[in-house]
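Asker: Sharing start-v1.csv (CSV, C-alpha atoms) below.
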chain,number,residue,atom,x,y,z
D,21,MET,CA,1.7,-18.8,8.1
D,22,ASP,CA,3.5,-18.9,4.8
D,23,ARG,CA,4.7,-15.8,3.1
D,24,GLN,CA,2.3,-15.8,0.2
D,25,ARG,CA,-0.7,-16.2,2.4
D,26,LEU,CA,0.5,-13.4,4.6
D,27,MET,CA,1.0,-11.1,1.5
D,28,LYS,CA,-2.6,-11.8,0.3
D,29,LEU,CA,-4.0,-11.0,3.7
D,30,THR,CA,-1.9,-7.9,4.0
D,31,LEU,CA,-3.0,-6.7,0.5
D,32,THR,CA,-6.7,-7.4,1.5
D,33,ALA,CA,-6.2,-5.3,4.6
D,34,MET,CA,-4.6,-2.5,2.5
D,35,VAL,CA,-7.5,-2.5,0.0
D,36,ALA,CA,-9.9,-2.4,2.9
D,37,ALA,CA,-8.1,0.6,4.3
D,38,ILE,CA,-8.2,2.3,0.8
D,39,CYS,CA,-12.0,1.5,0.8
D,40,ALA,CA,-12.2,3.3,4.1
D,41,VAL,CA,-10.6,6.4,2.5
D,42,GLY,CA,-13.1,6.1,-0.4
D,43,ALA,CA,-15.9,5.7,2.2
D,44,VAL,CA,-15.5,9.3,3.4
D,45,ILE,CA,-15.6,10.7,-0.2
D,46,LYS,CA,-19.4,11.1,-0.5
D,47,ILE,CA,-21.5,11.7,-3.6
D,48,PRO,CA,-24.8,13.4,-2.6
D,49,THR,CA,-27.8,11.6,-4.0
D,50,PHE,CA,-31.6,11.9,-3.7
D,51,ILE,CA,-32.2,9.3,-1.1
D,52,SER,CA,-28.9,9.1,0.8
D,53,THR,CA,-25.2,9.4,0.1
D,54,ALA,CA,-23.1,7.1,-2.0
D,55,ALA,CA,-19.4,6.8,-1.6
D,56,LEU,CA,-16.3,5.8,-3.5
D,57,ASP,CA,-15.8,2.8,-1.2
D,58,SER,CA,-16.3,0.1,-3.9
D,59,ALA,CA,-13.7,1.3,-6.4
D,60,PRO,CA,-10.7,-0.1,-4.5
D,61,ALA,CA,-12.6,-3.4,-4.0
D,62,PHE,CA,-13.3,-3.7,-7.8
D,63,LEU,CA,-9.8,-2.7,-8.5
D,64,SER,CA,-8.3,-5.4,-6.3
D,65,ALA,CA,-9.6,-8.0,-8.7
D,66,VAL,CA,-6.3,-7.4,-10.6
D,67,PHE,CA,-4.2,-8.8,-7.8
D,68,LEU,CA,-6.5,-10.6,-5.3
D,69,SER,CA,-8.7,-13.6,-5.6
D,70,PRO,CA,-12.4,-12.8,-6.2
D,71,VAL,CA,-13.2,-13.9,-2.6
D,72,LEU,CA,-10.6,-11.6,-1.0
D,73,ALA,CA,-11.7,-8.7,-3.3
D,74,GLY,CA,-15.3,-9.4,-2.1
D,75,VAL,CA,-14.1,-9.4,1.5
D,76,ALA,CA,-12.5,-6.0,0.9
D,77,GLY,CA,-15.8,-4.7,-0.6
D,78,VAL,CA,-17.7,-5.9,2.5
D,79,ILE,CA,-15.3,-4.1,4.8
D,80,GLY,CA,-15.5,-1.0,2.6
D,81,HIS,CA,-19.3,-1.0,2.8
D,82,PHE,CA,-19.4,-1.3,6.5
D,83,ILE,CA,-16.9,1.6,6.9
D,84,SER,CA,-19.0,3.7,4.5
D,85,ALA,CA,-22.2,2.8,6.5
D,86,LEU,CA,-20.4,3.7,9.7
D,87,THR,CA,-19.4,7.1,8.5
D,88,THR,CA,-23.1,7.9,7.8
D,89,GLY,CA,-24.4,6.5,11.0
D,90,PHE,CA,-25.8,3.2,9.7
D,91,PRO,CA,-29.1,4.8,8.3
D,92,PHE,CA,-30.5,1.4,7.3
D,93,GLY,CA,-29.5,-0.3,10.6
D,94,PRO,CA,-29.1,-4.1,10.3
D,95,LEU,CA,-30.2,-4.0,6.6
D,96,HIS,CA,-26.6,-3.1,5.9
D,97,ILE,CA,-25.8,-6.8,6.4
D,98,ILE,CA,-27.8,-7.4,3.2
D,99,ILE,CA,-26.0,-4.6,1.4
D,100,ALA,CA,-22.6,-6.0,2.5
D,101,VAL,CA,-23.5,-9.5,1.3
D,102,GLU,CA,-24.7,-8.0,-2.1
D,103,MET,CA,-21.4,-6.1,-2.3
D,104,PHE,CA,-19.4,-9.2,-1.7
D,105,ILE,CA,-21.4,-11.0,-4.5
D,106,VAL,CA,-21.0,-8.2,-7.0
D,107,VAL,CA,-17.3,-7.8,-6.4
D,108,TRP,CA,-16.8,-11.5,-6.5
D,109,ILE,CA,-18.6,-11.9,-9.8
D,110,PHE,CA,-16.6,-8.9,-11.2
D,111,GLY,CA,-13.4,-10.6,-10.0
D,112,VAL,CA,-14.3,-14.0,-11.5
D,113,MET,CA,-15.2,-12.3,-14.8
D,114,HIS,CA,-11.9,-10.4,-14.8
D,115,LYS,CA,-9.9,-13.6,-14.1
D,116,LYS,CA,-11.7,-15.4,-16.9
D,117,GLY,CA,-10.8,-12.6,-19.3
D,118,MET,CA,-14.4,-11.2,-19.8
D,119,HIS,CA,-12.9,-7.7,-19.9
D,120,PHE,CA,-15.9,-6.2,-21.8
D,121,TRP,CA,-18.8,-7.9,-20.0
D,122,LYS,CA,-17.6,-7.4,-16.4
D,123,TRP,CA,-18.4,-3.6,-16.6
D,124,PRO,CA,-22.1,-3.7,-17.6
D,125,VAL,CA,-22.7,-6.7,-15.4
D,126,ALA,CA,-21.2,-4.9,-12.4
D,127,LEU,CA,-23.2,-1.8,-13.2
D,128,ILE,CA,-26.5,-3.6,-13.5
D,129,LEU,CA,-25.9,-5.9,-10.5
D,130,ASN,CA,-24.8,-3.1,-8.2
D,131,GLY,CA,-27.0,-0.3,-9.5
D,132,VAL,CA,-30.3,-2.1,-10.3
D,133,VAL,CA,-30.4,-5.6,-8.9
D,134,ALA,CA,-28.7,-5.0,-5.5
D,135,PRO,CA,-31.4,-2.5,-4.2
D,136,LEU,CA,-34.2,-4.9,-5.3
D,137,PRO,CA,-34.7,-6.6,-1.9
D,138,PHE,CA,-35.5,-3.2,-0.5
D,139,TYR,CA,-38.5,-3.0,-2.9
D,140,PHE,CA,-40.1,-5.6,-0.6
D,141,ILE,CA,-38.4,-4.7,2.7
D,142,ILE,CA,-38.8,-0.9,2.7
D,143,SER,CA,-41.1,0.1,-0.2
D,144,PRO,CA,-41.4,0.3,-4.0
D,145,ALA,CA,-40.9,4.1,-3.7
D,146,PHE,CA,-37.5,3.5,-2.0
D,147,TYR,CA,-36.4,1.2,-4.8
D,148,TRP,CA,-37.4,3.5,-7.6
D,149,THR,CA,-35.8,6.5,-5.9
D,150,SER,CA,-32.6,4.5,-5.3
D,151,LEU,CA,-32.5,3.9,-9.1
D,152,THR,CA,-32.0,7.6,-9.6
D,153,SER,CA,-28.7,7.7,-7.7
D,154,LEU,CA,-27.2,4.2,-7.1
D,155,PRO,CA,-26.4,3.5,-10.8
D,156,LEU,CA,-24.7,6.9,-11.0
D,157,ALA,CA,-22.6,6.2,-8.0
D,158,THR,CA,-21.7,2.8,-9.3
D,159,LEU,CA,-20.8,4.3,-12.6
D,160,ILE,CA,-18.5,6.8,-11.0
D,161,ASN,CA,-16.8,4.0,-9.0
D,162,LEU,CA,-16.4,1.9,-12.2
D,163,VAL,CA,-15.0,4.7,-14.3
D,164,ILE,CA,-12.3,5.2,-11.7
D,165,VAL,CA,-11.6,1.5,-11.8
D,166,ALA,CA,-11.5,1.5,-15.6
D,167,ILE,CA,-9.0,4.3,-15.6
D,168,VAL,CA,-6.7,2.8,-13.0
D,169,MET,CA,-7.0,-0.9,-13.8
D,170,PRO,CA,-4.9,-1.0,-17.0
D,171,ILE,CA,-2.0,0.8,-15.2
D,172,LEU,CA,-2.2,-1.5,-12.2
D,173,SER,CA,-2.5,-4.6,-14.4
D,174,LYS,CA,0.8,-3.6,-16.1
D,175,VAL,CA,2.5,-3.2,-12.8
D,176,PHE,CA,1.4,-6.6,-11.5
D,177,VAL,CA,2.3,-8.3,-14.8
D,178,ARG,CA,5.8,-6.8,-14.6
D,179,LYS,CA,6.2,-7.8,-10.9
D,180,GLU,CA,5.0,-11.3,-11.6
D,181,GLY,CA,7.5,-11.6,-14.4
D,182,ARG,CA,10.4,-10.7,-12.1
D,183,VAL,CA,9.2,-13.1,-9.4
D,184,HIS,CA,9.0,-16.2,-11.6
Would you encode the structure as structure tokens?

Answerer:
Amino acid sequence: MDRQRLMKLTLTAMVAAICAVGAVIKIPTFISTAALDSAPAFLSAVFLSPVLAGVAGVIGHFISALTTGFPFGPLHIIIAVEMFIVVWIFGVMHKKGMHFWKWPVALILNGVVAPLPFYFIISPAFYWTSLTSLPLATLINLVIVAIVMPILSKVFVRKEGRVH
């Protein structure tokens, strides 16, 4: 395994570990608890590929679900896939320089679109209730990312400048 690939896998594992730390920081909501597990995954879009950032988001979600006892059972697989897609889209938008649009897109996708399958799987009431808390939890995660991302971007730009 070459050094660069090993570094990317190590960074992905480290982000997943930070997601695990965020997973235990719970935000009480009306229907369940939300956690700060997605902030590190969104933040990793600065230095990981969108796919690896999405993988870190999936791991973070599963750890968060584990700490609450998997209240939705196997439905967490759907949530993890959605998390991958949302973080991947955020990462693609970041890499393409869509620095304004990535924020509202992530908020709408994670806070409004992601719970939509549960409208049909669980109930319309569940969906509408989740809209009272999930966008707020997503917003908190994204605010954390918005504060830290410019600082982290500068660090990685400087580091890349030294390497090349």

Asker: Could you tell me which of D:Ile83, D:Ala76, D:Met103, D:Ala65 comes closest to Val165 in chain D if we count only C-alpha atoms?

Answerer: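 Among D:Ile83, D:Ala76, D:Met103, D:Ala65, it is D:Ala65 that comes nearest to Val165 in chain D.
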
Asker: Would you work out the distance separating CA of Phe140 in chain D from CA of Glu102 in chain D, expressed in Å to one decimal?

Answerer: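 According to the coordinates, CA of Phe140 in chain D and CA of Glu102 in chain D are separated by 15.7 Å.
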
Asker: Tell me, in Å to one decimal, how far CA of Ala36 in chain D is from CA of Phe62 in chain D.

Answerer: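 It comes out at 11.3 Å.
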
Asker: Measure the distance from CA of Ala73 in chain D to CA of Ile99 in chain D in Å and round it to one decimal.

Answerer: 15.6 Å

Asker: Nearest residue to Thr152 in chain D out of D:Gly74, D:Pro137, D:Pro60, D:Gly131, using all atoms listed in the file?

Answerer: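 The shortest atom-to-atom distance to Thr152 in chain D comes from D:Gly131.
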
Asker: Do a neighbour search on Val168 in chain D at 10 Å with only C-alpha atoms, toss out local chain neighbours closer than 5 positions, and write the hits as a list in words.

Answerer: Ala59, Pro60, Leu63, Leu162, Val163 and Ser173 of chain D

Asker: Grab the residues selected above and save them as an mmCIF file, keeping the file's coordinate frame with C-alpha atoms.

Answerer:
data_model
loop_
_atom_site.group_PDB
_atom_site.id
_atom_site.type_symbol
_atom_site.label_atom_id
_atom_site.label_comp_id
_atom_site.auth_asym_id
_atom_site.auth_seq_id
_atom_site.Cartn_x
_atom_site.Cartn_y
_atom_site.Cartn_z
ATOM 1 C CA ALA D 59 -13.700 1.300 -6.400
ATOM 2 C CA PRO D 60 -10.700 -0.100 -4.500
ATOM 3 C CA LEU D 63 -9.800 -2.700 -8.500
ATOM 4 C CA LEU D 162 -16.400 1.900 -12.200
ATOM 5 C CA VAL D 163 -15.000 4.700 -14.300
ATOM 6 C CA SER D 173 -2.500 -4.600 -14.400
#

Asker: Smallest atom-to-atom distance to Ala43 in chain D: which of D:Val75, D:Met27, D:Ala85, D:Ala145, using all atoms listed in the file?

Answerer: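 Of all the options, D:Ala85 lies closest to Ala43 in chain D.
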
Asker: Which residues are close to Ile105 in chain D, i.e. within 12 Å by only C-alpha atoms, leaving aside same-chain residues fewer than 3 positions away? Reply as a short mmCIF file (atom, residue, chain, number, x, y, z; two decimals) with C-alpha atoms, in the coordinates of the input.

Answerer:
data_model
loop_
_atom_site.label_atom_id
_atom_site.label_comp_id
_atom_site.auth_asym_id
_atom_site.auth_seq_id
_atom_site.Cartn_x
_atom_site.Cartn_y
_atom_site.Cartn_z
CA ALA D 61 -12.60 -3.40 -4.00
CA PHE D 62 -13.30 -3.70 -7.80
CA PRO D 70 -12.40 -12.80 -6.20
CA VAL D 71 -13.20 -13.90 -2.60
CA LEU D 72 -10.60 -11.60 -1.00
CA ALA D 73 -11.70 -8.70 -3.30
CA GLY D 74 -15.30 -9.40 -2.10
CA VAL D 75 -14.10 -9.40 1.50
CA ALA D 76 -12.50 -6.00 0.90
CA GLY D 77 -15.80 -4.70 -0.60
CA VAL D 78 -17.70 -5.90 2.50
CA ILE D 98 -27.80 -7.40 3.20
CA ILE D 99 -26.00 -4.60 1.40
CA ALA D 100 -22.60 -6.00 2.50
CA VAL D 101 -23.50 -9.50 1.30
CA GLU D 102 -24.70 -8.00 -2.10
CA TRP D 108 -16.80 -11.50 -6.50
CA ILE D 109 -18.60 -11.90 -9.80
CA PHE D 110 -16.60 -8.90 -11.20
CA GLY D 111 -13.40 -10.60 -10.00
CA VAL D 112 -14.30 -14.00 -11.50
CA VAL D 125 -22.70 -6.70 -15.40
CA ALA D 126 -21.20 -4.90 -12.40
CA LEU D 129 -25.90 -5.90 -10.50
CA ASN D 130 -24.80 -3.10 -8.20
CA VAL D 133 -30.40 -5.60 -8.90
CA ALA D 134 -28.70 -5.00 -5.50
#

Asker: With only C-alpha atoms as the basis for distance, which of D:Ala55, D:Arg25, D:Ser64, D:Ala37 is at the shortest distance from Met169 in chain D?

Answerer: D:Ser64

Asker: Using all atoms listed in the file, collect all residues at a distance of at most 7 Å from (-4.1, -7.1, -13.6) as written in the file, then present them as a ChimeraX atom specification.

Answerer: /D:66-67,169,172-174,176-177
